[in-house]
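Chemist: Below: one structure in structure tokens.
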Amino acid sequence: MMEKRSKKSSSAAANSGGSGSYYKLLDQKLCITSINFQRRALMGSTTLHISLLRDDIKKIKINCQQSRICKLTVNGKESSFQYQDPSLDLTQRYPKSRNLEFLTQCHITAVETVDPHRGKGELTIDIPSDVLKSLRDDNSSTVKICLHFTLEDPQGGVHFVCHGDGGSEMDHLFTASHENSARLWFPCIDTYTQPCTWSLEFTVDEKMTAVSCGDLKETVYTTHDRKRKTFYYTLDIPTSAPNICLAVGCFEILVDPCMHEVTHFCLPQLKPLLEHTTSTLHSVFEFLEELLSFRFPYTCYKQVFVYKSYCDAMAYSSVGIFDTSLLHTKIILDQAPKSRQRMAKVLTEQLFGCFMVRESWNDFWVVAGISGYLYGLWLKSTFGKSEYLHWVWQEMTELCQYELETGALVLHYNKEGTSSNRYFPHHSPHTVPQCHYEMLKRKAHLILRKIESRIGVQLLLQALNKLLMLASNASSMKMSKTTSTGMMLSTASFMKSIYTVSGKDLTSIVNGWVTCGGVVCIDSSFIFNRKRNTVELEVKQSLNQPGAIQYVGPLTVRLQELDGTFHHTIQIEENIIKHDIPCHSKSRRNKKKKIPLLNGDEADIDLSAMDPDSPVLWIRVDPDLNVMRKVDHSQPDYMWQYQAKFERDVVGQLEAIKTLKEYQTQATSTTLMDIIENEQYFYKVRIEACDCLYQVFNRMQNSWTGPAKMIAIFTHFFCCETTPPIIRLNNFTNLQHYFLQKSLLLSMSKLRDGHGAAPKEIVNFILEIIKLNDNSQNRYADNYYRSTLVECLSNMITSPVTLTSERMFALEDLSPEVKSILEEIVRFLNLEKRLPSYHLTVTVSCLHALRKLQQLGHLRPDPELFKTYTRPGYFQAVRIAAIECLVDLLKTSYDWPLLQWLLEHVRKDSMPRVRMGVLDALIKNPPFRKEAKSMLNKAEFVEELWNLINKETCHDAKLRCKSIKLFHLLFGNSRPQCLPAPQYGFVVNLKEKRTHINPTIKLEPKIPMLQPRHRVMDEKRHRMPVPQPQPIIHDHESSKLRMKIKFSSSNVNTDDVLAAQSLLSLSNADVPSRPSTPGQFQSSRPQKSSSMANDSQPSRYHPQLPPSSMGGNPPANQNLQLSHKKKKRKHKHHKHKSSKHQRTNESDYSASPATPSSSVNSPLFNLSSSP
């Protein structure tokens, strides 16, 4: 009976791969028994019920980082275990390497070594023999693993927010995970392919509330003095560990008045803001349930607003964690739509991302694309079609720009057939930077739109409904080995569902855009054939950019003619094609008639500017954004003007306005001004027209009328009819006018005269507006408006006429305009200290304005001014703005202590966003470029950044990937040139997978050459010329080993330099030992680690190297010889002896448990469940 069960289950599980091939997680219980905010520590236990799918399993691997294992039992019996975390030190085997390509290979190797989807993990648990015997005797396959653990001062996964010495009502903690990061705060199988039911227990102080996933069953006081209480949650819907969360704090609770199943939590004194911010959330539930014909899968939903969050919003099963910066009152205009959009996006991720999860990282695009598609439909229904199309156009533009700069973006990684030229491996969420992660989600959404255009909206929604119904049925079944199959989404299952509903095979979309990436670069032009009344369209595909690909397939062309709008589909088969498109209209010459437009409207168009023989008003290529493309279409300027003014599609208007920047004519400026003044246009189109208009005016130096015309537009909308005009009191009830007013002022401030200076009439006009700004009668706050005014002041600052290095930076030396601007900036900044605005937006603008005054030579550069605003206690946006100013100061000051000070913030700042903000600022505005000469481009900086990547960000995947991005930007993939040349005998070329002589070693001719006493081979055997003598390389760790190197060719490739000493250590040196994990395990020599019977755990972590580097025979072309056979045998004996000694005393890394040093002798052993 046992054999039949084993064979059947193992064959079924083998198809799924990963840990599911060996065991299945049925249920897990998590208990947090003590939380100490003073020590930033917690203590608890977790119990996993696992069903073994094979008889020969003797070891189980689970994930655990940062935690210290105090006790581990299997079926009630204490068991030994081994702990190994290769992410603690990526290049431990090669400490002297400073090569990014090698580091990247070490990074992905470390991630894959503990990947739970592959059945790996940091913690290897030995199943006791008597437990295995009892399982065979009882014909059972379920084991119960119980782990007691402590966690102190975590660097990721869970974030403590503490004020003072503890005891403050603002103290709280919350989880901050990123794609398989639950292992950072409790032991688990950290993969989406092992969902199970959960029992959650959290013991906290009596004044605090614990919020977690599932239904709250009861709250029980645990002591007689009623100072502590325990919250009991149960989650009956199978959920994977990455979707489990926790938030503990003195939260104020708000039950949604429209949906009692929804509860909101916030920090003390923020409940009034919470009520207004969440007042519209119920409408999102109603929209999604009606759209999908599917009820929300969880019985309750909780929103928690916390301080110092890692990002604005994080989605977990039945819980959304948000940053308090999203909270706002009803008088704040700019923040309201952003907060609504964040909450709606988290709700869509509840369905696809938490309830239905991805099967593997390759299938991430499915859940991300569906959630993004549903969010887009909500955006269209709530904010209108124009807002939706603008969002899609922006997503497409940013994605194409990213791919053309960095290379093709692949959604479904195929190890055999897919290659990438990026500096990071993209087949794991822990190795890709945040910008790449966001682009993956954007491309996934655009592919869902492409599927929608192929099968239609209704059929796509039917397919999604079918997937949700199957998942709902699977979740309601009793938990078994195959229950979770229907709750996981893969590329194949998604395409199968679409084929079942629509009957259409969409393999071409998967092959063309999912497994392959890239952008189609289209250059199109046309000629009108008057005799045939056709448009001869020529389409060229450019392939000279990194991410450009050749497209083969249909392409839509839209012609706006005199008689209406007509669509044509042409087939693209080659890089250059010509296609004749027949016109449905004929030229009218002097006949006047209204012209029907795309949406059915009719417009009176002045046709005097167009070709009298052509009926075509304008042409658009791929107007519906169905192809990932960048279109460069050529047509006369009057066609762009017609398209910008009369096109009824927002995307067409935006594309036309963007192109009109290149046509500096009177007709162009008139068209843009008409768009700005017409309230029928979408407000973001009018904002884009303002941005284009100032650029057109700046290039029209012959007819300089820009200031007068833009002042006239502003006066028409926002000033009283007086002489001179006086600006009205602020009234932001008309949202279009509010955003237009800010945009007009920004555009006016960017106007420049022939000398490159801001016109005086513009400077005086904006100063007058600032002076007369009155918000006393306005029902909305004007902080964003005042921030825009400060930004206008910053834009009007230009370089002084004379600038010398001996200036004293005296206030008297400033020009009157600059002095007035400086006075207003200082006044705004001082007023902000007395009356802080929402998010301190005015302070942020003032800091950037002061930095620009320094940058242009009006003020003395002073880093201490900005350091003041980086101190803890300021709002995070202010701190990040001050850091950006300091980073910009580095480009001119070359201040090495300042750079060290910034890197210290990356290591130790208590706010995660500030740590990320420092790296973002350095990436956006690097102090120097690759291979550039700079005083900061030195070895000390390389060491600081290398240590940050290699060791100090081991528990923060986002921070580590961003640090790698900065290293690549500054130093490239190879060894930085500022470092001294490595003095080693030979190097390893990872591209060619062979070793070479290091040509950087130069011999002094007067130094005598050391020769070995004997040779293994006779020189007569060598059929090659004798090379010049080279030095003998001695191993510092073993003085008895000598190596002589010969070579026959002087053409040596020096890419990817590695130390020869480190290479030799592969065969004769042990890995540096790590502090052992406290716990009860055998003190004798541990067994060899292995997760399965036939899956042996590698003892060291390194990328694939040539056979010679692994201790095998060297290639013949290297002529690598050891000195003496006797010495070689003696060295082998010495090596065996030293390794044995290492295993006994230092606890080898591959076979013994290890934890971070911070977990050794943890004071958490003094914690108890009682206060």
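Residue numbering restarts at 1 for every chain of the structure tokens, chains are lettered A, B, ... in their displayed order, and ligands are numbered from 1 as they appear.
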Please provide as an NGL selection string all residues within 7 Å of range 120-122 of chain A, with the sequence filter that same-chain residues fewer than 3 positions apart are discarded (counting only C-alpha atoms).
Modeler: :A and (61-64 or 83-85 or 113-116)
Chemist: Need the shell around range 348-358 of chain A: protein/DNA/RNA residues with any atom at most 6 Å away, counting only C-alpha atoms. Skip same-chain ones fewer than 5 positions apart. Format as a PDB file with N, CA, C and O atoms, in the first residue's frame?
Modeler:
ATOM      1  N   SER A 317      -2.905  38.601   1.541  1.00  0.00           N
ATOM      2  CA  SER A 317      -4.202  37.943   1.523  1.00  0.00           C
ATOM      3  C   SER A 317      -5.150  38.601   2.511  1.00  0.00           C
ATOM      4  O   SER A 317      -4.906  38.573   3.722  1.00  0.00           O
ATOM      5  N   ASP A 363       5.800  32.955 -14.723  1.00  0.00           N
ATOM      6  CA  ASP A 363       4.366  33.223 -14.858  1.00  0.00           C
ATOM      7  C   ASP A 363       3.941  34.481 -14.102  1.00  0.00           C
ATOM      8  O   ASP A 363       2.739  34.731 -13.970  1.00  0.00           O
ATOM      9  N   PHE A 364       4.899  35.233 -13.623  1.00  0.00           N
ATOM     10  CA  PHE A 364       4.562  36.473 -12.919  1.00  0.00           C
ATOM     11  C   PHE A 364       3.791  37.434 -13.816  1.00  0.00           C
ATOM     12  O   PHE A 364       2.917  38.169 -13.352  1.00  0.00           O
ATOM     13  N   VAL A 367      -0.304  37.073 -13.566  1.00  0.00           N
ATOM     14  CA  VAL A 367      -1.035  37.711 -12.466  1.00  0.00           C
ATOM     15  C   VAL A 367      -0.848  39.225 -12.484  1.00  0.00           C
ATOM     16  O   VAL A 367      -1.789  39.991 -12.207  1.00  0.00           O
ATOM     17  N   SER A 371      -4.099  41.777 -13.081  1.00  0.00           N
ATOM     18  CA  SER A 371      -4.414  42.797 -12.078  1.00  0.00           C
ATOM     19  C   SER A 371      -4.270  44.200 -12.665  1.00  0.00           C
ATOM     20  O   SER A 371      -5.087  45.092 -12.368  1.00  0.00           O
ATOM     21  N   MET A 487      -5.536  26.932  -7.938  1.00  0.00           N
ATOM     22  CA  MET A 487      -5.321  28.283  -7.439  1.00  0.00           C
ATOM     23  C   MET A 487      -4.038  28.904  -7.956  1.00  0.00           C
ATOM     24  O   MET A 487      -3.705  30.031  -7.581  1.00  0.00           O
ATOM     25  N   MET A 488      -3.322  28.191  -8.805  1.00  0.00           N
ATOM     26  CA  MET A 488      -2.072  28.706  -9.360  1.00  0.00           C
ATOM     27  C   MET A 488      -2.240  28.978 -10.842  1.00  0.00           C
ATOM     28  O   MET A 488      -2.855  28.189 -11.575  1.00  0.00           O
ATOM     29  N   LEU A 489      -1.706  30.086 -11.260  1.00  0.00           N
ATOM     30  CA  LEU A 489      -1.800  30.519 -12.653  1.00  0.00           C
ATOM     31  C   LEU A 489      -0.457  30.336 -13.341  1.00  0.00           C
ATOM     32  O   LEU A 489       0.585  30.709 -12.808  1.00  0.00           O
TER      33      LEU A 489
END
Chemist: Point out the residue among A:Tyr301, A:Trp901, A:Phe186, A:Phe294 with the least atom-to-atom distance to Val158 in chain A, counting only C-alpha atoms.
Modeler: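 Closest candidate: A:Phe186.
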Chemist: May I have all residues of range 508-669 of chain A that DSSP, computed from the backbone, assigns to strand (DSSP E or B), given as number ranges by chain?
Modeler: A: 519-529, 534-541, 548, 553-561, 564-572, 576-582, 595-596, 602-603, 616-621, 629-633
Chemist: How about saving the chosen residues, C-alpha atoms kept, as a PDB file, in the first residue's frame?
Modeler:
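The new file selection.pdb reads:
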ATOM      1  CA  VAL A 519      10.232  47.215 -29.320  1.00  0.00           C
ATOM      2  CA  VAL A 520       9.174  47.781 -32.910  1.00  0.00           C
ATOM      3  CA  CYS A 521      10.740  51.014 -34.204  1.00  0.00           C
ATOM      4  CA  ILE A 522       8.618  52.249 -37.102  1.00  0.00           C
ATOM      5  CA  ASP A 523       9.557  55.076 -39.450  1.00  0.00           C
ATOM      6  CA  SER A 524       6.652  55.851 -41.752  1.00  0.00           C
ATOM      7  CA  SER A 525       6.061  58.378 -44.514  1.00  0.00           C
ATOM      8  CA  PHE A 526       3.622  58.719 -47.384  1.00  0.00           C
ATOM      9  CA  ILE A 527       3.040  60.298 -50.780  1.00  0.00           C
ATOM     10  CA  PHE A 528      -0.410  61.078 -52.144  1.00  0.00           C
ATOM     11  CA  ASN A 529      -0.982  59.766 -55.672  1.00  0.00           C
ATOM     12  CA  THR A 534      -4.298  56.586 -53.117  1.00  0.00           C
ATOM     13  CA  VAL A 535      -1.849  57.079 -50.300  1.00  0.00           C
ATOM     14  CA  GLU A 536       1.482  55.355 -50.978  1.00  0.00           C
ATOM     15  CA  LEU A 537       2.605  54.512 -47.447  1.00  0.00           C
ATOM     16  CA  GLU A 538       6.181  53.428 -46.782  1.00  0.00           C
ATOM     17  CA  VAL A 539       6.970  51.716 -43.470  1.00  0.00           C
ATOM     18  CA  LYS A 540      10.547  51.091 -42.369  1.00  0.00           C
ATOM     19  CA  GLN A 541      11.718  49.212 -39.302  1.00  0.00           C
ATOM     20  CA  ALA A 548      14.679  47.016 -31.401  1.00  0.00           C
ATOM     21  CA  GLY A 553       2.180  40.850 -38.498  1.00  0.00           C
ATOM     22  CA  PRO A 554      -0.785  43.158 -39.002  1.00  0.00           C
ATOM     23  CA  LEU A 555      -0.563  46.907 -38.487  1.00  0.00           C
ATOM     24  CA  THR A 556      -3.487  49.316 -38.298  1.00  0.00           C
ATOM     25  CA  VAL A 557      -3.402  52.605 -40.206  1.00  0.00           C
ATOM     26  CA  ARG A 558      -6.077  55.241 -39.636  1.00  0.00           C
ATOM     27  CA  LEU A 559      -6.806  57.924 -42.236  1.00  0.00           C
ATOM     28  CA  GLN A 560      -8.815  61.004 -41.435  1.00  0.00           C
ATOM     29  CA  GLU A 561     -10.311  62.111 -44.732  1.00  0.00           C
ATOM     30  CA  GLY A 564     -14.736  60.672 -42.316  1.00  0.00           C
ATOM     31  CA  THR A 565     -12.328  58.369 -40.508  1.00  0.00           C
ATOM     32  CA  PHE A 566     -11.272  55.097 -42.181  1.00  0.00           C
ATOM     33  CA  HIS A 567      -9.251  52.176 -40.798  1.00  0.00           C
ATOM     34  CA  HIS A 568      -6.928  50.024 -42.877  1.00  0.00           C
ATOM     35  CA  THR A 569      -4.931  46.942 -41.867  1.00  0.00           C
ATOM     36  CA  ILE A 570      -1.669  46.272 -43.669  1.00  0.00           C
ATOM     37  CA  GLN A 571       0.606  43.276 -43.322  1.00  0.00           C
ATOM     38  CA  ILE A 572       4.207  43.832 -42.242  1.00  0.00           C
ATOM     39  CA  ILE A 576      10.790  48.014 -45.618  1.00  0.00           C
ATOM     40  CA  ILE A 577       7.373  47.750 -47.205  1.00  0.00           C
ATOM     41  CA  LYS A 578       5.285  49.973 -49.428  1.00  0.00           C
ATOM     42  CA  HIS A 579       1.552  49.776 -49.371  1.00  0.00           C
ATOM     43  CA  ASP A 580      -1.088  51.594 -51.407  1.00  0.00           C
ATOM     44  CA  ILE A 581      -4.080  52.685 -49.352  1.00  0.00           C
ATOM     45  CA  PRO A 582      -7.134  53.817 -51.341  1.00  0.00           C
ATOM     46  CA  ILE A 595     -16.116  67.054 -41.721  1.00  0.00           C
ATOM     47  CA  PRO A 596     -17.177  64.000 -39.663  1.00  0.00           C
ATOM     48  CA  GLU A 602     -18.686  67.238 -37.194  1.00  0.00           C
ATOM     49  CA  ALA A 603     -16.217  70.112 -37.307  1.00  0.00           C
ATOM     50  CA  VAL A 616      -6.277  63.343 -46.397  1.00  0.00           C
ATOM     51  CA  LEU A 617      -6.206  65.510 -43.277  1.00  0.00           C
ATOM     52  CA  TRP A 618      -3.836  63.337 -41.236  1.00  0.00           C
ATOM     53  CA  ILE A 619      -2.619  59.753 -40.915  1.00  0.00           C
ATOM     54  CA  ARG A 620      -1.964  57.702 -37.768  1.00  0.00           C
ATOM     55  CA  VAL A 621      -0.056  54.423 -37.488  1.00  0.00           C
ATOM     56  CA  ARG A 629       6.191  50.260 -30.721  1.00  0.00           C
ATOM     57  CA  LYS A 630       7.834  53.596 -31.175  1.00  0.00           C
ATOM     58  CA  VAL A 631       6.426  55.391 -34.217  1.00  0.00           C
ATOM     59  CA  ASP A 632       8.222  58.183 -36.029  1.00  0.00           C
ATOM     60  CA  HIS A 633       5.691  59.320 -38.606  1.00  0.00           C
TER      61      HIS A 633
END
Chemist: Which residues are close to Lys750 in chain A, i.e. within 10 Å by only C-alpha atoms, leaving aside same-chain residues fewer than 3 positions away? Reply as a compact mmCIF listing (two decimals) with N, CA and C atoms, in the first residue's frame.
Modeler:
# COMPACT_ATOMS: atom_id res chain seq x y z
N ASP A 691 3.31 73.00 -22.17
CA ASP A 691 4.72 72.62 -22.18
C ASP A 691 5.32 72.76 -23.57
N TYR A 694 5.83 76.92 -24.76
CA TYR A 694 7.00 77.71 -24.36
C TYR A 694 8.23 77.30 -25.16
N GLN A 695 8.34 76.02 -25.54
CA GLN A 695 9.47 75.59 -26.36
C GLN A 695 9.39 76.18 -27.76
N ASN A 698 10.37 79.86 -27.48
CA ASN A 698 11.80 80.06 -27.26
C ASN A 698 12.61 79.93 -28.55
N LEU A 745 1.83 78.71 -15.35
CA LEU A 745 2.88 79.42 -14.62
C LEU A 745 4.24 78.75 -14.82
N LEU A 746 4.27 77.42 -14.79
CA LEU A 746 5.54 76.72 -15.01
C LEU A 746 6.07 76.98 -16.42
N SER A 747 5.21 76.98 -17.41
CA SER A 747 5.64 77.22 -18.79
C SER A 747 6.13 78.66 -18.96
N ALA A 757 18.14 84.47 -20.83
CA ALA A 757 17.65 84.88 -19.51
C ALA A 757 16.14 84.96 -19.53
N ALA A 758 15.55 84.85 -18.34
CA ALA A 758 14.10 84.98 -18.23
C ALA A 758 13.69 86.43 -18.49
N PRO A 759 12.68 86.67 -19.33
CA PRO A 759 12.23 88.05 -19.60
C PRO A 759 11.82 88.76 -18.32
N ILE A 762 8.14 88.67 -17.42
CA ILE A 762 7.70 87.40 -16.83
C ILE A 762 8.09 87.34 -15.35
N CYS A 792 8.51 77.89 -10.02
CA CYS A 792 8.62 78.93 -11.06
C CYS A 792 9.78 79.87 -10.76
N LEU A 793 9.93 80.24 -9.49
CA LEU A 793 11.07 81.07 -9.12
C LEU A 793 12.39 80.38 -9.44
N SER A 794 12.44 79.10 -9.18
CA SER A 794 13.66 78.33 -9.49
C SER A 794 13.91 78.29 -10.99
N ASN A 795 12.86 78.15 -11.78
CA ASN A 795 13.05 78.09 -13.24
C ASN A 795 13.56 79.40 -13.81
N MET A 796 13.25 80.52 -13.19
CA MET A 796 13.65 81.82 -13.72
C MET A 796 15.07 82.19 -13.35
N ILE A 797 15.75 81.40 -12.52
CA ILE A 797 17.13 81.68 -12.15
C ILE A 797 18.04 81.30 -13.29
Chemist: For CA of Gly756 in chain A and CA of Ile923 in chain A, quote the distance in Å rounded to one decimal.
Modeler: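 Here the two named atoms are 29.2 Å from each other.
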Chemist: Suppose you want the space between CA of Phe251 in chain A and CA of Gln303 in chain A; what is it in Å?
Modeler: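 Those two atoms sit 11.3 Å apart.
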Chemist: I'd like the contact shell of Ser381 in chain A - 9 Å cut-off, only C-alpha atoms, skipping same-chain residues fewer than 5 positions apart - returned as a ChimeraX atom specification.
Modeler: /A:287,376,388
Chemist: Among range 842-977 of chain A, which residues does DSSP mark as alpha helix (DSSP H) when it is run on the backbone? Keep the chain and numbering as in the structure and answer as an NGL selection string.
Modeler: :A and (842-855 or 863-868 or 876-893 or 896-908 or 912-924 or 939-947 or 957-971)
Chemist: Rounded to one decimal in Å, what is the spacing between CA of Cys978 in chain A and CA of Ala932 in chain A?
Modeler: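 Separating CA of Cys978 in chain A from CA of Ala932 in chain A is a distance of 10.1 Å.
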Chemist: Using only C-alpha atoms, determine which residues lie at most 9 Å from range 273-284 of chain A, disregarding the query and same-chain residues fewer than 2 positions distant; provide the list as a VMD selection string.
Modeler: chain A and resid 254 256 to 259 262 264 to 266 269 to 271 286 to 289 305 326 to 330 336 339 to 340 343 to 344 347 378
Chemist: Measuring atom to atom with only C-alpha atoms, identify which of A:Cys516, A:Gln462, A:Ala241, A:Lys308 is nearest to Gly407 in chain A.
Modeler: A:Cys516
Chemist: Got a sec: who's within 10 Å of range 934-937 of chain A, counting only C-alpha atoms, leaving out chain neighbours fewer than 5 positions off, as a PyMOL selection string?
Modeler: chain A and resi 890-891+893-896+899+927-929+942+970-971+976-979
Chemist: So, counting only C-alpha atoms, which residue among A:Cys245, A:Ile69, A:Leu735, A:Ile883 is closest to Ile125 in chain A?
Modeler: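 Of A:Cys245, A:Ile69, A:Leu735, A:Ile883, the one nearest Ile125 in chain A is A:Ile69, counting only C-alpha atoms.
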Chemist: Got a sec: who's within 9 Å of range 784-789 of chain A, counting only C-alpha atoms, leaving out chain neighbours fewer than 2 positions off, as a PyMOL selection string?
Modeler: chain A and resi 332-334+738+741-743+745-746+766-767+769-770+773+781-782+791-794+828+837-838+841-846
